[in-house]
file upload_15.tsv (TSV, C-alpha atoms)
chain	number	residue	atom	x	y	z
A	348	MET	CA	112.63	98.84	83.77
A	349	GLN	CA	110.15	98.11	81.02
A	350	ALA	CA	106.79	99.90	80.92
A	351	ASP	CA	104.92	96.72	81.92
A	352	GLU	CA	106.93	96.51	85.15
A	353	TYR	CA	106.03	100.07	86.10
A	354	ARG	CA	102.37	99.30	85.52
A	355	LYS	CA	102.65	96.19	87.69
A	356	LEU	CA	104.36	98.22	90.40
A	357	ALA	CA	101.64	100.86	90.40
A	358	GLU	CA	98.98	98.17	90.66
A	359	THR	CA	100.60	96.13	93.44
A	360	GLU	CA	102.84	98.22	95.72
A	361	ASP	CA	100.01	99.39	97.98
A	362	ARG	CA	98.89	95.80	98.58
A	363	MET	CA	101.85	93.41	98.25
A	364	TRP	CA	103.49	92.29	101.51
A	365	TYR	CA	107.00	93.03	100.23
A	366	PHE	CA	106.40	96.69	99.47
A	367	ARG	CA	104.43	97.28	102.65
A	368	ALA	CA	107.35	95.86	104.64
A	369	LEU	CA	109.89	97.86	102.64
A	370	HIS	CA	107.96	101.12	103.11
A	371	ARG	CA	107.51	100.44	106.84
A	372	ARG	CA	111.24	99.78	107.28
A	373	ARG	CA	112.27	103.01	105.57
A	374	ALA	CA	109.60	105.11	107.28
A	375	HIS	CA	110.63	103.79	110.70
A	376	TRP	CA	114.29	104.70	110.27
A	377	LEU	CA	113.50	108.10	108.78
A	378	ALA	CA	111.36	108.95	111.81
A	379	ARG	CA	113.99	107.53	114.15
A	380	LEU	CA	116.95	109.44	112.72
A	381	LEU	CA	115.33	112.74	111.73
A	382	PRO	CA	114.71	115.34	114.44
A	383	PRO	CA	111.06	116.16	115.26
A	384	GLY	CA	109.31	118.72	113.10
A	385	SER	CA	109.48	119.61	109.45
A	386	ALA	CA	111.92	117.96	107.07
A	387	ARG	CA	112.53	117.86	103.35
A	388	VAL	CA	112.74	114.24	102.19
A	389	LEU	CA	113.67	112.91	98.74
A	390	ASP	CA	112.70	109.46	97.49
A	391	ALA	CA	115.45	108.82	94.95
A	392	GLY	CA	114.22	106.48	92.23
A	393	CYS	CA	110.67	106.91	93.47
A	394	GLY	CA	109.10	104.62	90.88
A	395	THR	CA	105.33	104.98	90.87
A	396	GLY	CA	105.22	106.81	94.20
A	397	GLY	CA	103.96	104.27	96.73
A	398	PHE	CA	106.44	105.26	99.43
A	399	ILE	CA	105.83	108.97	98.90
A	400	LYS	CA	102.09	108.40	99.14
A	401	GLY	CA	102.46	106.73	102.53
A	402	LEU	CA	104.86	109.32	103.95
A	403	ARG	CA	102.66	112.25	102.91
A	404	THR	CA	99.74	110.64	104.73
A	405	THR	CA	101.61	109.75	107.92
A	406	TYR	CA	104.11	112.60	108.28
A	407	ALA	CA	102.27	115.75	107.28
A	408	ALA	CA	105.11	117.99	108.52
A	409	TRP	CA	107.53	116.52	105.99
A	410	GLN	CA	107.88	117.88	102.48
A	411	VAL	CA	108.30	114.67	100.48
A	412	THR	CA	109.38	114.78	96.85
A	413	GLY	CA	110.65	112.26	94.33
A	414	VAL	CA	112.99	111.84	91.41
A	415	ASP	CA	113.06	109.08	88.81
A	416	VAL	CA	114.80	108.56	85.48
A	417	SER	CA	111.67	107.14	83.83
A	418	PRO	CA	109.14	109.62	82.38
A	419	MET	CA	106.43	107.00	82.77
A	420	ALA	CA	107.26	106.43	86.45
A	421	CYS	CA	107.27	110.19	87.08
A	422	SER	CA	103.87	110.55	85.45
A	423	LEU	CA	102.38	107.70	87.49
A	424	ALA	CA	103.94	109.03	90.71
A	425	ARG	CA	102.52	112.52	90.16
A	426	GLU	CA	99.09	111.06	89.43
A	427	ARG	CA	99.13	108.81	92.51
A	428	THR	CA	100.63	111.23	95.04
A	429	GLY	CA	100.14	114.84	93.94
A	430	ALA	CA	103.74	115.42	95.04
A	431	GLU	CA	106.52	117.26	93.26
A	432	ILE	CA	108.29	114.67	91.09
A	433	THR	CA	111.40	115.51	89.06
A	434	GLU	CA	112.76	113.53	86.13
A	435	GLY	CA	116.44	112.78	86.59
A	436	SER	CA	119.11	110.19	87.34
A	437	ILE	CA	120.19	109.17	90.83
A	438	THR	CA	123.82	109.30	89.63
A	439	ALA	CA	123.44	112.98	88.65
A	440	LEU	CA	120.73	114.41	90.87
A	441	PRO	CA	119.22	117.68	89.56
A	442	PHE	CA	119.41	119.38	92.97
A	443	ALA	CA	121.80	121.77	94.71
A	444	ASP	CA	124.18	120.73	97.46
A	445	GLY	CA	122.53	120.26	100.85
A	446	THR	CA	118.96	120.51	99.59
A	447	PHE	CA	117.42	117.71	101.68
A	448	ASP	CA	117.23	116.62	105.30
A	449	ALA	CA	116.97	113.00	104.17
A	450	ILE	CA	117.37	110.95	101.01
A	451	THR	CA	116.06	107.42	100.78
A	452	THR	CA	115.93	104.82	98.03
A	453	GLY	CA	114.33	101.40	97.82
A	454	ASP	CA	115.69	98.79	95.41
A	455	VAL	CA	117.11	101.30	92.94
A	456	LEU	CA	120.93	101.22	93.22
A	457	TYR	CA	120.94	97.71	91.78
A	458	HIS	CA	119.67	99.19	88.49
A	459	VAL	CA	122.79	101.35	87.95
A	460	GLU	CA	126.33	100.35	87.04
A	461	ASP	CA	128.02	102.70	89.53
A	462	ALA	CA	126.22	102.54	92.86
A	463	GLY	CA	129.05	104.49	94.46
A	464	ALA	CA	128.31	107.47	92.20
A	465	ALA	CA	124.69	107.45	93.38
A	466	LEU	CA	125.70	107.41	97.04
A	467	ARG	CA	128.12	110.27	96.46
A	468	GLU	CA	125.23	112.22	94.94
A	469	PHE	CA	123.06	111.44	97.97
A	470	ALA	CA	125.86	112.67	100.24
A	471	ARG	CA	126.18	115.85	98.17
A	472	CYS	CA	122.48	116.67	98.17
A	473	VAL	CA	121.76	115.92	101.83
A	474	LYS	CA	122.50	118.49	104.53
A	475	PRO	CA	125.25	117.96	107.12
A	476	GLY	CA	123.71	115.72	109.75
A	477	GLY	CA	121.13	114.58	107.21
A	478	VAL	CA	119.92	111.01	106.79
A	479	VAL	CA	120.55	108.55	103.94
A	480	LEU	CA	118.68	105.23	103.80
A	481	VAL	CA	119.23	102.50	101.21
A	482	ASN	CA	117.49	99.14	100.72
A	483	GLU	CA	118.74	96.79	97.98
A	484	PRO	CA	118.50	93.15	96.85
A	485	ALA	CA	121.06	90.92	98.55
A	486	TYR	CA	123.53	88.28	97.33
A	487	ARG	CA	124.80	87.78	93.83
A	488	TRP	CA	124.06	84.05	94.16
A	489	LEU	CA	120.33	84.91	94.33
A	490	TRP	CA	120.42	86.29	90.77
A	491	SER	CA	117.44	84.87	88.87
A	492	TYR	CA	114.72	85.40	86.28
A	493	HIS	CA	113.36	88.20	88.51
A	494	ASP	CA	116.56	90.24	88.13
A	495	GLU	CA	116.47	89.76	84.38
A	496	ALA	CA	112.82	90.87	84.21
A	497	VAL	CA	113.44	94.12	86.12
A	498	GLU	CA	116.77	94.77	84.35
A	499	SER	CA	119.02	94.53	87.39
A	500	LYS	CA	122.73	95.25	87.20
A	501	GLN	CA	123.94	93.92	90.56
A	502	ARG	CA	123.04	92.69	94.03
A	503	PHE	CA	124.82	93.57	97.30
A	504	THR	CA	126.08	92.10	100.54
A	505	ARG	CA	125.91	94.08	103.76
A	506	PRO	CA	129.70	94.69	103.88
A	507	GLU	CA	129.61	95.93	100.27
A	508	LEU	CA	126.84	98.43	100.93
A	509	VAL	CA	128.43	99.60	104.18
A	510	ALA	CA	131.71	100.18	102.33
A	511	LEU	CA	129.92	102.28	99.71
A	512	PHE	CA	128.38	104.42	102.44
A	513	ARG	CA	131.73	105.03	104.08
A	514	ALA	CA	133.44	105.78	100.77
A	515	ALA	CA	130.78	108.47	100.17
A	516	GLY	CA	131.52	110.06	103.54
A	517	LEU	CA	128.42	108.74	105.29
A	518	GLU	CA	128.48	107.43	108.86
A	519	VAL	CA	126.61	104.12	109.20
A	520	ARG	CA	124.07	104.04	112.04
A	521	PHE	CA	122.38	100.72	111.27
A	522	ALA	CA	123.08	97.93	108.78
A	523	SER	CA	121.11	94.73	108.49
A	524	TYR	CA	119.77	92.15	106.12
A	525	ALA	CA	115.98	91.97	105.71
A	526	ASN	CA	113.48	89.25	104.79
A	527	LEU	CA	115.33	86.50	106.64
A	528	LEU	CA	112.26	84.40	107.39
A	529	VAL	CA	111.16	84.32	103.74
A	530	LEU	CA	114.66	83.69	102.39
A	531	PRO	CA	114.16	79.88	102.11
A	532	LEU	CA	110.97	80.49	100.12
A	533	VAL	CA	112.76	82.94	97.84
A	534	VAL	CA	115.51	80.38	97.19
A	535	LEU	CA	112.95	77.67	96.43
A	536	ARG	CA	111.05	79.81	93.94
A	537	ARG	CA	113.92	81.55	92.21
A	538	LYS	CA	116.62	78.87	92.22
A	539	LEU	CA	114.93	75.48	92.50
A	540	PHE	CA	111.36	75.84	91.17
A	541	PRO	CA	111.22	78.90	88.87
A	542	PRO	CA	107.97	79.55	86.98
A	543	SER	CA	107.62	78.04	83.52
A	544	ARG	CA	107.09	81.51	82.02
A	545	PRO	CA	109.44	83.71	84.04
A	546	THR	CA	108.49	87.29	84.80
A	547	SER	CA	109.14	89.47	87.83
A	548	ASP	CA	107.84	88.47	91.26
A	549	VAL	CA	106.00	91.80	91.59
A	550	LEU	CA	102.49	90.48	92.23
A	551	VAL	CA	99.89	90.21	94.95
A	552	TYR	CA	99.55	86.63	96.19
A	553	PRO	CA	96.31	85.00	97.42
A	554	ALA	CA	95.15	86.43	100.74
A	555	PRO	CA	96.34	83.56	102.99
A	556	ILE	CA	99.84	83.74	101.49
A	557	GLU	CA	99.96	87.52	101.75
A	558	SER	CA	98.86	87.29	105.39
A	559	GLY	CA	101.55	84.74	106.23
A	560	LEU	CA	104.31	86.67	104.52
A	561	SER	CA	103.14	89.91	106.14
A	562	ALA	CA	103.25	88.26	109.57
A	563	MET	CA	106.84	87.16	108.96
A	564	ALA	CA	107.73	90.71	107.97
A	565	TRP	CA	106.09	92.12	111.13
A	566	TRP	CA	108.14	89.78	113.36
A	567	GLU	CA	111.30	90.94	111.62
A	568	HIS	CA	110.33	94.59	112.00
A	569	ALA	CA	109.74	94.07	115.72
A	570	TRP	CA	113.31	92.75	115.95
A	571	THR	CA	115.16	95.26	113.76
A	572	SER	CA	113.25	98.29	115.06
A	573	ARG	CA	115.08	97.70	118.33
A	574	GLY	CA	118.35	98.18	116.50
A	575	TRP	CA	119.12	94.46	116.30
A	576	PRO	CA	120.41	93.46	112.83
A	577	LEU	CA	119.54	90.25	111.04
A	578	PRO	CA	122.40	87.98	109.89
A	579	ALA	CA	120.95	87.15	106.45
A	580	GLY	CA	118.02	87.88	104.15
A	581	SER	CA	116.98	88.51	100.56
A	582	SER	CA	117.47	92.27	101.01
A	583	VAL	CA	120.08	94.46	102.68
A	584	PHE	CA	119.32	97.75	104.45
A	585	VAL	CA	121.72	100.50	105.56
A	586	ALA	CA	120.92	103.74	107.40
A	587	GLY	CA	123.51	106.48	107.71
A	588	VAL	CA	124.05	110.17	108.25
A	589	LYS	CA	126.24	112.79	106.67
A	590	ALA	CA	128.86	114.04	109.10
A	591	ALA	CA	127.99	117.44	110.52
A	592	VAL	CA	130.37	120.32	109.81
A	593	ARG	CA	132.82	120.75	112.68
A	594	LYS	CA	133.27	124.28	113.98

call {"tool": "encode", "arguments": {"input": "upload_15.tsv", "output": "structure tokens"}}
result
Amino acid sequence: MQADEYRKLAETEDRMWYFRALHRRRAHWLARLLPPGSARVLDAGCGTGGFIKGLRTTYAAWQVTGVDVSPMACSLARERTGAEITEGSITALPFADGTFDAITTGDVLYHVEDAGAALREFARCVKPGGVVLVNEPAYRWLWSYHDEAVESKQRFTRPELVALFRAAGLEVRFASYANLLVLPLVVLRRKLFPPSRPTSDVLVYPAPIESGLSAMAWWEHAWTSRGWPLPAGSSVFVAGVKAAVRK
């Protein structure tokens, strides 16, 4: 992404409904799938560190680190979180096999040409029985000015992302779309009534709009946190584990 987009992300991700919902979704499934106690967690493509910041506050027993290909993102993430942040690509992670108990990424695979290579790296670097969580933009037909602004390469369906997990040797535990209730609004803005001067949709909306969108996201979380998938949405989420070594 361009430098301006990283600055926007750093300024908005603690306050915008979308990122709060995304961080809540990933944190919930990490806590659900990881055993109690300490864990080493990697945020792959950590951006400016919003997710790491939240995890370090809520789960003090976890050692949460990040990796990002952008020097600017790494610098902002270190400044905002105080965590260990490594510069590197998600398709060639600079870590040894089985380093982490969990690897998670939020809206990052769609920036790379070979998402399968990234998932194979996640599978390599996570321990047997470890957790892998991925959230990505859904549906190629939703491609818009937003994807151009953030330099996207692709969007995914749920079957496509599930297939990538399985090809990497990861067992899928939960797979669902996300942001179903806001999907009509996303279609209206991005396909029917785009802004006259297109830029990314990374921004904090007026308080009443943020409150309404946040309420929609909370209703969805109440549903999916019970393990009930959604049939559609502007995002797709998959949680899996690396098969344990059989003795």

call {"tool": "closest_residue", "arguments": {"input": "upload_15.tsv", "among": "A:Leu480, A:Val533, A:Leu377, A:Ala464", "to": "Tyr492 in chain A", "atoms": "all atoms listed in the file"}}
result
A:Val533

call {"tool": "residues_around", "arguments": {"input": "upload_15.tsv", "residues": "range 420-424 of chain A", "least_positions_apart": "3", "cutoff": "6 Å", "atoms": "all atoms listed in the file", "output": "list in words"}}
result
Gly394, Thr395, Gly396, Ser417, Arg427 and Thr428 of chain A

call {"tool": "closest_residue", "arguments": {"input": "upload_15.tsv", "among": "A:Pro545, A:Thr446, A:Arg371, A:Leu440", "to": "Glu567 in chain A", "atoms": "only C-alpha atoms"}}
result
A:Arg371

call {"tool": "residues_around", "arguments": {"input": "upload_15.tsv", "residues": "Pro475 in chain A", "least_positions_apart": "3", "cutoff": "8 Å", "atoms": "all atoms listed in the file", "output": "list of chain:residue names"}}
result
A:Gly445, A:Val588, A:Lys589, A:Ala590, A:Ala591, A:Val592

call {"tool": "atom_distance", "arguments": {"input": "upload_15.tsv", "atom1": "CA of Pro541 in chain A", "atom2": "CA of Asn526 in chain A"}}
result
19.1 Å

call {"tool": "residues_around", "arguments": {"input": "upload_15.tsv", "residues": "Glu460 in chain A", "least_positions_apart": "2", "cutoff": "12 Å", "atoms": "all atoms listed in the file", "output": "compact mmCIF listing (two decimals) with C-alpha atoms, in the coordinates of the input"}}
result
# COMPACT_ATOMS: atom_id res chain seq x y z
CA ILE A 437 120.19 109.17 90.83
CA THR A 438 123.82 109.30 89.63
CA VAL A 455 117.11 101.30 92.94
CA LEU A 456 120.93 101.22 93.22
CA TYR A 457 120.94 97.71 91.78
CA HIS A 458 119.67 99.19 88.49
CA ALA A 462 126.22 102.54 92.86
CA GLY A 463 129.05 104.49 94.46
CA ALA A 464 128.31 107.47 92.20
CA ALA A 465 124.69 107.45 93.38
CA GLU A 498 116.77 94.77 84.35
CA SER A 499 119.02 94.53 87.39
CA LYS A 500 122.73 95.25 87.20
CA GLN A 501 123.94 93.92 90.56
CA ARG A 502 123.04 92.69 94.03

call {"tool": "residues_around", "arguments": {"input": "upload_15.tsv", "residues": "Glu431 in chain A", "least_positions_apart": "2", "cutoff": "8 Å", "atoms": "only C-alpha atoms", "output": "list of chain:residue names"}}
result
A:Val411, A:Thr412, A:Gly413, A:Arg425, A:Gly429, A:Thr433

call {"tool": "residues_near_point", "arguments": {"input": "upload_15.tsv", "point": "(115.2, 115.2, 92.4)", "cutoff": "12 Å", "atoms": "only C-alpha atoms", "output": "PDB file with C-alpha atoms, in the frame of the given file"}}
result
ATOM      1  CA  ARG A 387     112.530 117.860 103.350  1.00  0.00           C
ATOM      2  CA  VAL A 388     112.740 114.240 102.190  1.00  0.00           C
ATOM      3  CA  LEU A 389     113.670 112.910  98.740  1.00  0.00           C
ATOM      4  CA  ASP A 390     112.700 109.460  97.490  1.00  0.00           C
ATOM      5  CA  ALA A 391     115.450 108.820  94.950  1.00  0.00           C
ATOM      6  CA  GLY A 392     114.220 106.480  92.230  1.00  0.00           C
ATOM      7  CA  CYS A 393     110.670 106.910  93.470  1.00  0.00           C
ATOM      8  CA  VAL A 411     108.300 114.670 100.480  1.00  0.00           C
ATOM      9  CA  THR A 412     109.380 114.780  96.850  1.00  0.00           C
ATOM     10  CA  GLY A 413     110.650 112.260  94.330  1.00  0.00           C
ATOM     11  CA  VAL A 414     112.990 111.840  91.410  1.00  0.00           C
ATOM     12  CA  ASP A 415     113.060 109.080  88.810  1.00  0.00           C
ATOM     13  CA  VAL A 416     114.800 108.560  85.480  1.00  0.00           C
ATOM     14  CA  CYS A 421     107.270 110.190  87.080  1.00  0.00           C
ATOM     15  CA  ALA A 430     103.740 115.420  95.040  1.00  0.00           C
ATOM     16  CA  GLU A 431     106.520 117.260  93.260  1.00  0.00           C
ATOM     17  CA  ILE A 432     108.290 114.670  91.090  1.00  0.00           C
ATOM     18  CA  THR A 433     111.400 115.510  89.060  1.00  0.00           C
ATOM     19  CA  GLU A 434     112.760 113.530  86.130  1.00  0.00           C
ATOM     20  CA  GLY A 435     116.440 112.780  86.590  1.00  0.00           C
ATOM     21  CA  SER A 436     119.110 110.190  87.340  1.00  0.00           C
ATOM     22  CA  ILE A 437     120.190 109.170  90.830  1.00  0.00           C
ATOM     23  CA  THR A 438     123.820 109.300  89.630  1.00  0.00           C
ATOM     24  CA  ALA A 439     123.440 112.980  88.650  1.00  0.00           C
ATOM     25  CA  LEU A 440     120.730 114.410  90.870  1.00  0.00           C
ATOM     26  CA  PRO A 441     119.220 117.680  89.560  1.00  0.00           C
ATOM     27  CA  PHE A 442     119.410 119.380  92.970  1.00  0.00           C
ATOM     28  CA  ALA A 443     121.800 121.770  94.710  1.00  0.00           C
ATOM     29  CA  ASP A 444     124.180 120.730  97.460  1.00  0.00           C
ATOM     30  CA  THR A 446     118.960 120.510  99.590  1.00  0.00           C
ATOM     31  CA  PHE A 447     117.420 117.710 101.680  1.00  0.00           C
ATOM     32  CA  ILE A 450     117.370 110.950 101.010  1.00  0.00           C
ATOM     33  CA  THR A 451     116.060 107.420 100.780  1.00  0.00           C
ATOM     34  CA  THR A 452     115.930 104.820  98.030  1.00  0.00           C
ATOM     35  CA  GLU A 468     125.230 112.220  94.940  1.00  0.00           C
ATOM     36  CA  PHE A 469     123.060 111.440  97.970  1.00  0.00           C
ATOM     37  CA  CYS A 472     122.480 116.670  98.170  1.00  0.00           C
ATOM     38  CA  VAL A 473     121.760 115.920 101.830  1.00  0.00           C
TER      39      VAL A 473
END

call {"tool": "residues_near_point", "arguments": {"input": "upload_15.tsv", "point": "(127.7, 107.3, 103.4)", "cutoff": "8 Å", "atoms": "all atoms listed in the file", "output": "NGL selection string"}}
result
:A and (466-467 or 470 or 479 or 509 or 511-519 or 587-589)

call {"tool": "closest_residue", "arguments": {"input": "upload_15.tsv", "among": "A:Thr359, A:Ser581, A:Ser523, A:Ser491", "to": "Glu557 in chain A", "atoms": "all atoms listed in the file"}}
result
A:Thr359

call {"tool": "atom_distance", "arguments": {"input": "upload_15.tsv", "atom1": "CA of Ala510 in chain A", "atom2": "CA of Trp570 in chain A"}}
result
24.1 Å
